[in-house]
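Peer 1: I am sharing protein-v1.cif, which consists of mmCIF, C-alpha atoms and all ligand atoms:
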```
data_coords
loop_
_atom_site.label_atom_id
_atom_site.label_comp_id
_atom_site.auth_asym_id
_atom_site.auth_seq_id
_atom_site.Cartn_x
_atom_site.Cartn_y
_atom_site.Cartn_z
CA MET U 1 0.00 0.00 0.00
CA SER U 2 1.17 3.53 -0.77
CA ASN U 3 2.77 5.49 2.07
CA PHE U 4 2.66 8.75 0.16
CA ASN U 5 0.58 10.84 2.54
CA ILE U 6 1.26 14.53 2.12
CA ASN U 7 0.28 15.46 5.70
CA ASP U 8 2.61 12.84 7.15
CA ILE U 9 5.38 13.94 4.83
CA ARG U 10 5.02 17.59 5.77
CA LYS U 11 5.23 16.68 9.48
CA GLN U 12 8.74 15.46 8.78
CA PHE U 13 9.76 18.93 7.60
CA PRO U 14 9.12 21.24 10.58
CA VAL U 15 10.66 24.21 8.76
CA LEU U 16 7.63 24.30 6.47
CA ASP U 17 5.29 24.87 9.39
CA GLN U 18 6.02 28.52 10.10
CA GLN U 19 4.85 31.98 9.23
CA VAL U 20 6.91 34.62 7.47
CA TYR U 21 5.71 38.22 7.58
CA GLY U 22 2.62 36.84 9.35
CA LYS U 23 1.74 34.54 6.42
CA PRO U 24 2.15 30.77 6.16
CA LEU U 25 5.40 29.96 4.42
CA VAL U 26 5.12 28.59 0.87
CA TYR U 27 8.55 27.24 0.00
CA PHE U 28 9.04 27.01 -3.76
CA ASP U 29 12.83 27.39 -3.91
CA ASN U 30 13.62 23.69 -3.92
CA ALA U 31 15.89 23.82 -6.96
CA ALA U 32 18.21 26.03 -4.88
CA THR U 33 18.01 23.71 -1.89
CA THR U 34 15.43 21.34 -0.48
CA GLN U 35 14.38 21.30 3.15
CA LYS U 36 15.62 18.45 5.34
CA PRO U 37 13.40 15.86 7.03
CA LEU U 38 13.72 15.17 10.75
CA CYS U 39 15.39 11.81 10.12
CA VAL U 40 18.27 13.54 8.28
CA ILE U 41 18.66 16.25 10.91
CA GLU U 42 18.59 13.63 13.67
CA ARG U 43 21.11 11.42 11.92
CA GLU U 44 23.65 14.22 11.72
CA ARG U 45 22.93 15.29 15.31
CA ASP U 46 23.31 11.72 16.46
CA TYR U 47 26.70 11.48 14.80
CA TYR U 48 27.95 14.51 16.70
CA LEU U 49 26.34 13.32 19.94
CA HIS U 50 27.69 9.78 19.89
CA GLU U 51 30.03 8.97 17.03
CA ASN U 52 32.07 12.05 16.10
CA CYS U 53 35.54 11.00 15.11
CA ASN U 54 38.05 11.36 12.34
CA ILE U 55 37.90 8.38 10.04
CA HIS U 56 40.23 5.93 8.31
CA ARG U 57 43.18 6.68 10.57
CA GLY U 58 42.18 5.83 14.12
CA VAL U 59 42.69 2.41 15.69
CA HIS U 60 40.22 3.18 18.46
CA TYR U 61 36.61 2.12 18.71
CA LEU U 62 34.92 5.40 17.80
CA SER U 63 37.09 5.95 14.77
CA GLN U 64 36.40 2.46 13.50
CA MET U 65 32.68 2.90 14.01
CA ALA U 66 32.69 6.24 12.19
CA THR U 67 34.77 4.78 9.34
CA GLU U 68 32.36 1.90 8.94
CA ALA U 69 29.37 4.25 8.96
CA TYR U 70 30.98 6.52 6.34
CA GLU U 71 31.83 3.59 4.07
CA ASN U 72 28.30 2.21 4.49
CA ALA U 73 26.99 5.60 3.36
CA ARG U 74 29.09 5.22 0.23
CA LYS U 75 27.53 1.79 -0.39
CA THR U 76 24.01 3.18 0.06
CA VAL U 77 24.63 5.99 -2.44
CA ALA U 78 26.18 3.52 -4.90
CA GLN U 79 23.13 1.25 -4.69
CA PHE U 80 20.79 4.23 -5.05
CA ILE U 81 22.16 5.03 -8.51
CA ASN U 82 23.04 1.42 -9.36
CA ALA U 83 26.80 1.90 -9.52
CA ARG U 84 28.68 -1.36 -10.00
CA GLN U 85 30.69 -0.88 -6.80
CA ALA U 86 30.82 1.50 -3.84
CA GLN U 87 34.34 2.58 -4.81
CA GLU U 88 32.89 4.30 -7.86
CA ILE U 89 31.40 6.95 -5.54
CA VAL U 90 33.71 9.81 -4.56
CA PHE U 91 32.32 12.04 -1.82
CA THR U 92 32.71 15.75 -2.54
CA ARG U 93 31.18 18.97 -1.23
CA GLY U 94 28.63 18.86 -4.05
CA THR U 95 28.09 19.29 -7.77
CA THR U 96 30.38 22.30 -8.08
CA GLU U 97 33.30 20.55 -6.47
CA SER U 98 32.66 17.38 -8.48
CA LEU U 99 32.72 19.33 -11.73
CA ASN U 100 35.87 21.21 -10.75
CA LEU U 101 37.46 17.87 -9.91
CA LEU U 102 36.54 16.55 -13.35
CA ALA U 103 37.59 19.65 -15.28
CA THR U 104 40.97 19.48 -13.56
CA SER U 105 41.61 15.76 -13.36
CA LEU U 106 39.78 14.29 -16.38
CA GLY U 107 40.85 17.42 -18.25
CA GLN U 108 44.48 16.75 -17.40
CA LEU U 109 44.11 13.11 -18.48
CA LEU U 110 42.42 13.74 -21.83
CA VAL U 111 42.67 17.31 -23.02
CA ASN U 112 45.71 18.84 -24.66
CA GLU U 113 46.30 22.24 -26.20
CA GLY U 114 43.81 22.81 -29.02
CA ASP U 115 41.41 20.04 -27.90
CA LYS U 116 37.71 20.68 -27.46
CA VAL U 117 35.08 20.11 -24.78
CA VAL U 118 31.31 20.12 -25.41
CA VAL U 119 28.76 21.64 -23.04
CA SER U 120 25.19 22.74 -23.76
CA ALA U 121 23.57 26.17 -24.01
CA MET U 122 21.56 25.58 -20.83
CA GLU U 123 24.35 24.75 -18.37
CA HIS U 124 24.60 26.09 -14.85
CA HIS U 125 27.80 28.14 -14.42
CA SER U 126 29.20 25.18 -12.47
CA ASN U 127 29.17 23.04 -15.58
CA MET U 128 30.62 25.68 -17.83
CA VAL U 129 33.10 27.95 -16.03
CA PRO U 130 35.37 25.10 -14.77
CA TRP U 131 35.73 23.74 -18.35
CA GLN U 132 36.17 27.22 -19.81
CA GLN U 133 38.85 28.14 -17.29
CA PHE U 134 40.64 24.81 -17.71
CA LEU U 135 40.67 25.24 -21.50
CA ASP U 136 41.92 28.81 -21.15
CA ARG U 137 44.74 27.58 -18.94
CA ILE U 138 45.97 24.85 -21.23
CA ASN U 139 45.59 27.04 -24.29
CA ARG U 140 47.22 29.96 -22.45
CA ILE U 141 44.32 32.21 -23.39
CA GLU U 142 44.25 35.62 -21.71
CA ALA U 143 41.24 36.11 -19.47
CA ASP U 144 40.05 39.09 -21.51
CA ARG U 145 40.26 37.40 -24.91
CA ILE U 146 36.80 37.35 -26.42
CA ASN U 147 37.15 34.65 -29.04
CA ARG U 148 37.51 31.66 -26.75
CA MET U 149 34.73 29.58 -28.27
CA ASP U 150 37.07 27.57 -30.51
CA ASN U 151 37.66 25.09 -27.71
CA LEU U 152 34.45 25.19 -25.70
CA LEU U 153 31.76 23.91 -28.06
CA VAL U 154 28.18 24.72 -27.08
CA ILE U 155 25.17 22.62 -28.15
CA ARG U 156 22.47 24.98 -29.39
CA MET U 157 18.93 25.01 -28.05
CA ASP U 158 15.68 26.33 -29.46
CA LYS U 159 13.29 28.89 -27.98
CA ASN U 160 11.46 26.15 -26.08
CA GLY U 161 14.66 25.15 -24.31
CA VAL U 162 15.18 21.93 -26.28
CA LEU U 163 18.70 20.94 -27.32
CA ASP U 164 19.40 20.60 -31.04
CA LEU U 165 20.65 17.03 -31.43
CA ASN U 166 21.64 17.58 -35.08
CA HIS U 167 23.94 20.36 -33.94
CA TYR U 168 25.23 18.05 -31.19
CA GLU U 169 26.09 15.42 -33.82
CA GLU U 170 27.95 18.10 -35.79
CA LEU U 171 29.96 19.02 -32.68
CA LEU U 172 30.77 15.37 -31.99
CA LYS U 173 32.24 15.11 -35.49
CA GLN U 174 34.83 17.67 -34.37
CA ARG U 175 36.08 14.95 -32.01
CA PRO U 176 35.88 16.77 -28.68
CA LYS U 177 37.59 15.01 -25.76
CA ILE U 178 34.76 15.33 -23.23
CA VAL U 179 30.99 16.03 -23.28
CA SER U 180 29.46 17.53 -20.11
CA ILE U 181 25.72 18.21 -19.95
CA ALA U 182 22.92 18.74 -17.46
CA HIS U 183 20.35 16.03 -16.93
CA ILE U 184 17.70 18.60 -15.96
CA SER U 185 18.14 22.33 -16.54
CA ASN U 186 17.88 24.42 -13.38
CA THR U 187 16.46 27.40 -15.29
CA LEU U 188 14.20 25.79 -17.90
CA GLY U 189 13.25 22.50 -16.28
CA THR U 190 14.10 20.69 -19.54
CA VAL U 191 14.80 16.99 -19.05
CA ASN U 192 17.50 16.31 -21.61
CA PRO U 193 17.52 12.99 -23.51
CA ILE U 194 20.78 12.03 -21.84
CA LYS U 195 20.66 8.31 -22.57
CA GLU U 196 20.49 9.05 -26.29
CA MET U 197 23.12 11.80 -26.00
CA ILE U 198 25.49 9.49 -24.11
CA ALA U 199 25.11 6.79 -26.78
CA MET U 200 25.78 9.36 -29.51
CA ALA U 201 29.04 10.46 -27.83
CA HIS U 202 30.13 6.89 -27.21
CA LYS U 203 29.95 6.19 -30.95
CA TYR U 204 32.92 8.56 -31.16
CA ASN U 205 34.49 7.10 -27.96
CA ILE U 206 33.94 10.36 -26.09
CA PRO U 207 33.25 10.12 -22.33
CA VAL U 208 30.18 11.89 -20.97
CA VAL U 209 29.74 13.76 -17.68
CA ILE U 210 26.18 14.29 -16.47
CA ASP U 211 25.33 17.13 -14.10
CA GLY U 212 22.60 15.54 -12.00
CA ALA U 213 22.16 18.37 -9.49
CA GLN U 214 18.48 18.80 -10.38
CA SER U 215 17.55 15.19 -10.97
CA MET U 216 18.56 13.01 -8.02
CA ALA U 217 15.57 13.99 -5.86
CA HIS U 218 13.07 13.66 -8.68
CA GLN U 219 14.01 10.80 -10.98
CA VAL U 220 15.27 7.26 -10.63
CA ILE U 221 18.90 7.29 -11.72
CA ASP U 222 20.54 4.14 -13.03
CA VAL U 223 24.08 4.94 -14.09
CA GLN U 224 24.59 1.51 -15.66
CA ASP U 225 21.48 1.82 -17.76
CA LEU U 226 22.43 5.37 -18.79
CA ASP U 227 25.99 4.19 -19.40
CA CYS U 228 27.28 7.65 -18.43
CA ASP U 229 30.96 7.86 -17.57
CA PHE U 230 30.38 10.31 -14.72
CA TYR U 231 27.30 11.50 -12.84
CA VAL U 232 27.60 14.33 -10.28
CA PHE U 233 25.17 15.60 -7.66
CA SER U 234 24.62 17.68 -4.50
CA GLY U 235 23.14 16.25 -1.31
CA HIS U 236 21.42 19.47 -0.30
CA LYS U 237 19.13 19.35 -3.35
CA MET U 238 17.90 15.88 -2.36
CA TYR U 239 16.86 16.41 1.29
CA ALA U 240 20.40 15.88 2.64
CA PRO U 241 22.64 18.39 4.44
CA MET U 242 24.72 21.02 2.68
CA GLY U 243 28.43 20.38 2.20
CA ILE U 244 28.10 16.84 0.88
CA GLY U 245 27.60 15.48 -2.60
CA GLY U 246 29.24 13.11 -4.93
CA LEU U 247 30.78 12.03 -8.12
CA TYR U 248 30.05 8.69 -9.68
CA GLY U 249 32.70 7.62 -12.16
CA LYS U 250 33.30 4.38 -14.01
CA MET U 251 36.17 2.64 -12.27
CA GLU U 252 38.26 2.44 -15.45
CA TRP U 253 38.25 6.25 -15.62
CA LEU U 254 38.76 6.89 -11.90
CA GLU U 255 41.78 4.60 -11.88
CA LYS U 256 43.41 6.47 -14.75
CA MET U 257 42.63 9.99 -13.53
CA PRO U 258 45.24 11.96 -11.53
CA PRO U 259 44.31 13.28 -8.07
CA TYR U 260 42.63 16.65 -7.83
CA GLN U 261 43.71 17.84 -4.40
CA PHE U 262 46.69 16.73 -2.36
CA GLY U 263 47.24 16.16 1.34
CA GLY U 264 46.29 13.64 3.99
CA GLU U 265 44.12 10.57 3.28
CA MET U 266 44.76 10.55 -0.46
CA VAL U 267 48.34 9.32 -0.19
CA ASP U 268 49.87 5.88 0.08
CA THR U 269 53.56 6.53 0.85
CA VAL U 270 55.20 9.94 1.25
CA SER U 271 58.80 11.05 1.30
CA PHE U 272 60.44 14.33 0.33
CA GLU U 273 61.55 12.65 -2.87
CA LYS U 274 58.32 11.02 -3.95
CA THR U 275 54.66 10.46 -3.06
CA THR U 276 52.45 7.58 -4.15
CA PHE U 277 48.69 7.79 -4.00
CA ASN U 278 45.93 5.87 -2.26
CA LYS U 279 43.49 3.77 -4.28
CA VAL U 280 40.15 4.93 -5.69
CA PRO U 281 38.05 6.59 -4.25
CA PHE U 282 40.39 7.80 -1.46
CA LYS U 283 42.80 9.20 -4.04
CA PHE U 284 40.17 11.88 -4.67
CA GLU U 285 39.20 12.57 -1.05
CA ALA U 286 42.07 14.64 0.35
CA GLY U 287 41.74 15.83 3.94
CA THR U 288 39.08 15.25 6.56
CA PRO U 289 35.69 14.63 4.95
CA ASN U 290 32.29 15.83 6.14
CA VAL U 291 31.39 12.56 7.83
CA GLY U 292 28.24 13.80 9.59
CA ALA U 293 26.83 15.14 6.31
CA ALA U 294 27.66 11.89 4.49
CA LEU U 295 25.61 10.01 7.08
CA GLY U 296 22.84 12.58 6.58
CA LEU U 297 23.05 11.92 2.84
CA GLU U 298 22.69 8.20 3.42
CA THR U 299 19.58 8.86 5.53
CA ALA U 300 18.17 11.17 2.83
CA VAL U 301 18.66 8.41 0.27
CA LYS U 302 16.79 5.97 2.51
CA PHE U 303 14.08 8.59 3.03
CA ILE U 304 13.61 8.95 -0.75
CA GLN U 305 13.69 5.18 -1.18
CA SER U 306 10.96 4.73 1.42
CA PHE U 307 8.43 6.01 -1.16
CA ASP U 308 7.27 4.64 -4.46
CA ARG U 309 9.47 6.71 -6.75
CA GLN U 310 7.02 6.57 -9.66
CA GLU U 311 4.27 7.84 -7.39
CA VAL U 312 6.39 10.77 -6.18
CA GLU U 313 7.40 11.64 -9.73
CA ALA U 314 3.78 11.55 -10.88
CA TYR U 315 2.78 13.77 -7.94
CA GLU U 316 5.49 16.33 -8.73
CA ASP U 317 4.52 16.26 -12.41
CA GLU U 318 0.94 16.96 -11.42
CA LEU U 319 2.11 19.97 -9.33
CA LEU U 320 3.97 21.26 -12.38
CA ARG U 321 0.97 20.77 -14.66
CA TYR U 322 -1.38 22.44 -12.18
CA ALA U 323 0.92 25.43 -11.58
CA THR U 324 1.46 25.91 -15.33
CA GLU U 325 -2.28 25.85 -15.98
CA LYS U 326 -3.05 28.33 -13.17
CA LEU U 327 -0.24 30.73 -14.07
CA SER U 328 -1.24 30.70 -17.76
CA SER U 329 -4.28 32.84 -17.03
CA ILE U 330 -2.14 35.75 -15.79
CA GLU U 331 -1.95 38.59 -18.28
CA GLY U 332 1.44 39.03 -19.96
CA MET U 333 2.74 35.66 -18.72
CA HIS U 334 5.63 34.06 -20.66
CA PHE U 335 7.05 30.73 -19.64
CA ILE U 336 10.79 30.45 -20.19
CA GLY U 337 11.38 26.82 -21.07
CA GLN U 338 8.54 24.95 -22.71
CA ALA U 339 10.19 21.66 -23.55
CA PRO U 340 7.71 18.78 -23.82
CA LYS U 341 9.66 16.93 -21.13
CA ARG U 342 10.16 19.09 -18.05
CA ASN U 343 10.59 18.36 -14.39
CA GLY U 344 10.20 20.07 -11.08
CA LEU U 345 10.23 23.77 -11.93
CA ILE U 346 8.64 26.65 -13.78
CA SER U 347 10.49 29.76 -14.94
CA PHE U 348 8.57 32.77 -16.17
CA VAL U 349 8.53 36.49 -16.87
CA ILE U 350 5.56 38.85 -17.01
CA ASP U 351 5.47 41.72 -19.50
CA GLY U 352 6.67 44.99 -18.05
CA ILE U 353 7.59 43.55 -14.65
CA HIS U 354 11.10 42.92 -13.37
CA PRO U 355 11.39 39.42 -11.86
CA TYR U 356 13.21 40.83 -8.84
CA ASP U 357 10.31 43.19 -8.01
CA LEU U 358 7.80 40.39 -8.32
CA GLY U 359 9.87 38.04 -6.15
CA THR U 360 10.30 40.72 -3.48
CA ILE U 361 6.59 41.45 -3.28
CA ILE U 362 5.43 37.84 -3.14
CA ASP U 363 8.05 37.16 -0.47
CA LYS U 364 6.10 39.61 1.73
CA MET U 365 3.07 37.40 1.09
CA GLY U 366 4.97 34.39 2.45
CA VAL U 367 6.00 32.87 -0.90
CA ALA U 368 9.66 31.97 -1.38
CA VAL U 369 10.74 31.75 -5.02
CA ARG U 370 14.04 32.44 -6.74
CA THR U 371 14.50 35.40 -9.07
CA GLY U 372 17.44 36.27 -11.31
CA HIS U 373 19.67 34.37 -13.70
CA HIS U 374 19.87 31.22 -11.55
CA CYS U 375 23.62 30.92 -12.20
CA ALA U 376 22.96 30.48 -15.92
CA GLU U 377 23.66 33.91 -17.38
CA PRO U 378 24.12 32.63 -20.96
CA VAL U 379 20.56 31.25 -20.83
CA MET U 380 19.23 34.72 -19.93
CA THR U 381 21.31 36.28 -22.69
CA PHE U 382 19.86 33.76 -25.14
CA PHE U 383 16.29 34.68 -24.19
CA GLY U 384 17.16 38.40 -24.01
CA ILE U 385 15.88 38.80 -20.44
CA PRO U 386 17.51 39.95 -17.19
CA GLY U 387 16.22 36.94 -15.29
CA THR U 388 13.14 34.92 -14.48
CA VAL U 389 10.94 34.08 -11.53
CA ARG U 390 11.49 30.41 -10.75
CA ALA U 391 9.13 28.26 -8.71
CA SER U 392 10.52 24.81 -8.01
CA PHE U 393 8.73 21.97 -6.30
CA ALA U 394 9.50 19.10 -3.98
CA MET U 395 7.46 16.15 -2.80
CA TYR U 396 6.13 18.09 0.23
CA ASN U 397 4.52 20.87 -1.82
CA THR U 398 0.77 21.00 -2.42
CA LYS U 399 -1.81 22.36 -4.84
CA GLU U 400 -3.11 24.59 -2.03
CA GLU U 401 0.32 26.21 -1.90
CA ILE U 402 0.20 26.69 -5.66
CA ASP U 403 -3.14 28.48 -5.26
CA ILE U 404 -1.58 30.84 -2.70
CA PHE U 405 1.40 31.39 -4.99
CA VAL U 406 -0.70 32.14 -8.08
CA LYS U 407 -2.88 34.55 -6.10
CA ALA U 408 0.26 36.28 -4.82
CA VAL U 409 1.71 36.57 -8.34
CA ASN U 410 -1.58 38.00 -9.58
CA ARG U 411 -1.72 40.58 -6.81
CA ALA U 412 1.92 41.57 -7.23
CA ALA U 413 1.52 41.89 -11.01
CA THR U 414 -1.50 44.15 -10.53
CA MET U 415 0.47 46.33 -8.10
CA LEU U 416 3.47 46.56 -10.41
CA ARG U 417 1.69 47.26 -13.69
C1 LIG V 1 22.12 22.10 -12.78
C2 LIG V 1 23.00 22.54 -11.64
N1 LIG V 1 24.31 22.30 -11.68
C3 LIG V 1 25.13 22.64 -10.69
C4 LIG V 1 24.67 23.29 -9.57
C5 LIG V 1 25.62 23.64 -8.47
O1 LIG V 1 25.29 22.91 -7.33
P1 LIG V 1 26.00 23.21 -5.92
O2 LIG V 1 25.86 24.68 -5.69
O3 LIG V 1 25.24 22.39 -4.96
O4 LIG V 1 27.42 22.80 -6.05
C6 LIG V 1 23.32 23.60 -9.48
C7 LIG V 1 22.80 24.38 -8.34
O5 LIG V 1 21.81 25.06 -8.42
C8 LIG V 1 22.45 23.21 -10.54
O6 LIG V 1 21.15 23.46 -10.49
#
```
The structure in this file should be written as structure tokens.
Ligand SMILES: Cc1ncc(COP(=O)(O)O)c(C=O)c1O
Peer 2:
Amino acid sequence: MSNFNINDIRKQFPVLDQQVYGKPLVYFDNAATTQKPLCVIERERDYYLHENCNIHRGVHYLSQMATEAYENARKTVAQFINARQAQEIVFTRGTTESLNLLATSLGQLLVNEGDKVVVSAMEHHSNMVPWQQFLDRINRIEADRINRMDNLLVIRMDKNGVLDLNHYEELLKQRPKIVSIAHISNTLGTVNPIKEMIAMAHKYNIPVVIDGAQSMAHQVIDVQDLDCDFYVFSGHKMYAPMGIGGLYGKMEWLEKMPPYQFGGEMVDTVSFEKTTFNKVPFKFEAGTPNVGAALGLETAVKFIQSFDRQEVEAYEDELLRYATEKLSSIEGMHFIGQAPKRNGLISFVIDGIHPYDLGTIIDKMGVAVRTGHHCAEPVMTFFGIPGTVRASFAMYNTKEEIDIFVKAVNRAATMLR
């Protein structure tokens, strides 16, 4: 029997049950970060109350317990995305750190002067700037040089926010060394056909990195079925604490890649003459990790797994459909991102109204949305707008909240016109 009961779920997120400016909070900024259920908060608290210890290096009881718990968390995350082995999960601070690790380490392994990397037109800055800066470095391009696009190839999209796969095929023919694309766009909500895109790149033997920041909480991820080479994510966008996330990589790549950061934990033997490195994944986890947050991440994974994933996805899709329908009736409404396959969020602008003004006014009515470029400035440039209002949903949101939100947008738009 289904255990998806919205009232029970909301009880697990006490932060939702509060008033802001004297109005009940409507939290629609889940693409920025989700709220955390009690079980996650308690798991992290419990760690600091009873288990806190540095891991991997202590011979004493607490250290061994903490090490075991941390390595079990790795196993849980690996199973969650169907990795072949736990060692294919590297813990990081989140998507940004995972992508910087890849741009540096995979970049160093595969990319030489003059080589190309493919990203898409809808990437978050985190999946664009690290590649751009890496390419600039190896090509010794001055920071102020304008014509840098020779090396960073960008898959075009259309006005609905759908990637042009013919253009992608053209770019692949230029034999780039790496493809790195978002699974779900954080500004447009587009769900990209990544399985197909991965297969297309593999025909040219090009490895593919998937930015899964926006997908882990909403979709079932099976890295073996996708056959992606890397899949990166942030815990805090999937009900887990901030400061923890991960990088899945196929073992054959992780073994070949050089370390990203250096220091304790990631070494095997050290002398002033020479250092050898630890095995995967420890080679990529220099220094003391965020153990408490990793245990919180494990609990968040179990929390997500405690529901029927298809049921949650269908519920969130229904929220999206309902919100789109209700917002459509507002005069001057333009949705930014109208791909047939979207997930979790709506971005929009209203004629003659700055998104920031709208966001500020509805905040006073208790509604939390994100306004601005959402760390994807090139997307805003493409649409010729300064930013959007973005409402993003999680499993604890309701249609009643959408009604409050739409009423607030309507009132604010009337005030601002
Ligand atoms: C698609 C996408 N990629 C990367 C990031 C960066 O994630 P983090 O800030 O957790 O490192 C985000 C965050 O909004 C995102 O939505």
Peer 1: Measuring atom to atom with all atoms listed in the file, identify which of U:Met257, U:Ala408, U:Met395, U:Leu153 is nearest to Lys279 of chain U.
Peer 2: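 Among the listed residues, U:Met257 lies closest to Lys279 of chain U.
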Peer 1: Compare U:Asp29, U:Asp17, U:Glu44, U:Glu255 by their minimum atom-to-atom distance to Gly296 of chain U, counting all atoms listed in the file, and give me the closest one.
Peer 2: U:Glu44
Peer 1: Using all atoms listed in the file, which residues have at least one atom no more than 6 Å from ligand LIG 1 (chain V)? Output them as a list in words.
Peer 2: Ala32, Gly94, Thr95, Thr96, His124, Ser126, Ala182, Ser185, Asn186, Asp211, Ala213, Gln214 and Ser234 of chain U
Peer 1: Kindly indicate which residue among U:Ala73, U:Leu165, U:Ala103, U:Met238 lies nearest to Lys36 of chain U, using all atoms listed in the file for the distances.
Peer 2: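 Looking only at the distances to Lys36 of chain U, the closest residue turns out to be U:Met238.
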Peer 1: Using all atoms listed in the file for the distances, tell me which of U:Gly344, U:Pro193, U:Gly249, U:Gly161 is nearest to Ala391 of chain U.
Peer 2: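 Smallest separation from Ala391 of chain U among the options: U:Gly344.
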Peer 1: I'd like the neighbourhood of Lys23 of chain U as a short mmCIF file (atom, residue, chain, number, x, y, z; two decimals) with C-alpha atoms, in the coordinates of the input, where a residue qualifies if any of its atoms comes within 6 Å (using only C-alpha atoms), though same-chain residues fewer than 3 positions away should be ignored.
Peer 2:
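And here's selection_26.cif as it stands now:
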```
data_model
loop_
_atom_site.label_atom_id
_atom_site.label_comp_id
_atom_site.auth_asym_id
_atom_site.auth_seq_id
_atom_site.Cartn_x
_atom_site.Cartn_y
_atom_site.Cartn_z
CA GLN U 19 4.85 31.98 9.23
CA VAL U 20 6.91 34.62 7.47
CA GLY U 366 4.97 34.39 2.45
#
```
Peer 1: Take atom CA of Arg390 of chain U and atom CA of Ser98 of chain U and report the distance between them in Å, one decimal.
Peer 2: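 About the pair atom CA of Arg390 of chain U and atom CA of Ser98 of chain U: they are 25.0 Å apart.
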Peer 1: How close does segment 300-369 of chain U get to segment 400-404 of chain U? List, as CSV, each residue of segment 300-369 of chain U within 8 Å, its nearest atom pair and the distance in Å to one decimal, counting all atoms listed in the file.
Peer 2:
```
residue,atom,partner,partner_atom,distance
U:Leu319,CA,U:Ile402,CA,7.9
U:Tyr322,CA,U:Ile402,CA,7.9
U:Ala323,CA,U:Ile402,CA,6.1
U:Lys326,CA,U:Asp403,CA,7.9
```
Peer 1: Go ahead and compute the interatomic distance for atom CA of Phe28 of chain U and atom CA of Glu311 of chain U, in Å to one decimal.
Peer 2: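 Straight-line distance from atom CA of Phe28 of chain U to atom CA of Glu311 of chain U works out to 20.1 Å.
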Peer 1: For each of U:Glu313, U:Phe134, U:Lys173, U:Met122, take the minimum atom-to-atom distance to Tyr396 of chain U, counting only C-alpha atoms, then give the residue where this is smallest.
Peer 2: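 Comparing U:Glu313, U:Phe134, U:Lys173, U:Met122 against Tyr396 of chain U, the winner is U:Glu313.
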Peer 1: Would you please work out which residue, of U:Asn127, U:Gln305, U:Thr276, U:Ser392, is nearest to Thr324 of chain U when using only C-alpha atoms?
Peer 2: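 Among the listed residues, U:Ser392 lies closest to Thr324 of chain U.
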Peer 1: In Å, rounded to a single decimal, give me how far atom CA of Ile221 of chain U is from atom CA of Thr398 of chain U.
Peer 2: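 Value for the atom CA of Thr398 of chain U-atom CA of Ile221 of chain U distance: 24.6 Å.
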Peer 1: Could you list, with a cut-off of 8 Å and counting all atoms listed in the file, the residues of segment 123-183 of chain U near segment 376-384 of chain U, each shown with its nearest atom pair and the distance in Å rounded to one decimal, rows sorted by chain and ascending number, as a Markdown table?
Peer 2:
```
| residue | atom | partner | partner_atom | distance |
| --- | --- | --- | --- | --- |
| U:Glu123 | CA | U:Ala376 | CA | 6.4 |
| U:His124 | CA | U:Ala376 | CA | 4.8 |
| U:His125 | CA | U:Ala376 | CA | 5.6 |
| U:Lys159 | CA | U:Phe383 | CA | 7.5 |
```
Peer 1: Please dump the current selection as a CSV table (one decimal), keeping the file's coordinate frame; keep C-alpha atoms.
Peer 2:
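Just written: result33.csv:
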```
chain,number,residue,atom,x,y,z
U,123,GLU,CA,24.4,24.8,-18.4
U,124,HIS,CA,24.6,26.1,-14.8
U,125,HIS,CA,27.8,28.1,-14.4
U,159,LYS,CA,13.3,28.9,-28.0
```
Peer 1: Can you list, as a list in words, every protein, DNA or RNA residue that comes within 9 Å of Leu416 of chain U when you count all atoms listed in the file, leaving out same-chain residues fewer than 4 positions away?
Peer 2: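 With the cut-off at 9 Å, the set is Gly352, Ile353, His354, Asp357, Leu358, Arg411 and Ala412 of chain U.
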Peer 1: Give me the residues near Ser105 of chain U as a VMD selection string, where near means some atom within 6 Å (using all atoms listed in the file) and where sequence neighbours in that chain fewer than 3 positions away do not count.
Peer 2: chain U and resid 101 to 102 108 257 to 258 260
Peer 1: Excluding Asn3 of chain U and its own-chain neighbours fewer than 6 positions away, which residues fall within 9 Å of it when counting only C-alpha atoms? Please give them as a ChimeraX atom specification.
Peer 2: /U:306-308
Peer 1: At a cut-off of 10 Å, using all atoms listed in the file, what residues contact Leu172 of chain U? Leave out same-chain residues fewer than 6 positions from it and give the result as a VMD selection string.
Peer 2: chain U and resid 116 to 118 153 155 166 178 to 179 200 to 206
Peer 1: For a quick check of your reading of the model, name the residues lying within 8 Å of the coordinate (11.2, 38.2, -19.5), counting all atoms listed in the file, and write them as a list of chain:residue names.
Peer 2: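 Protein and nucleic acid residues near the point are U:His334, U:Ile336, U:Phe348, U:Val349, U:Ile350, U:Asp351, U:His354, U:Pro355, U:Phe383, U:Gly384, U:Ile385, U:Pro386, U:Gly387, U:Thr388.
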Peer 1: Find the nearest atom pair between each residue of segment 296-354 of chain U and segment 239-243 of chain U for residues within 12 Å, count only C-alpha atoms, give distances in Å to one decimal, sort rows by chain and ascending number, and present the table as a tab-separated table.
Peer 2:
```
residue	atom	partner	partner_atom	distance
U:Gly296	CA	U:Ala240	CA	5.7
U:Leu297	CA	U:Ala240	CA	4.8
U:Glu298	CA	U:Ala240	CA	8.1
U:Thr299	CA	U:Ala240	CA	7.6
U:Ala300	CA	U:Ala240	CA	5.2
U:Val301	CA	U:Ala240	CA	8.0
U:Lys302	CA	U:Tyr239	CA	10.5
U:Phe303	CA	U:Tyr239	CA	8.5
U:Ile304	CA	U:Tyr239	CA	8.4
U:Gln305	CA	U:Tyr239	CA	11.9
```
Peer 1: Given the point (43.6, 4.9, 0.1) in the file's coordinates, find the residues that have an atom at most 7 Å from it, counting all atoms listed in the file, and give them as a PyMOL selection string.
Peer 2: chain U and resi 265-268+278-280+282-283
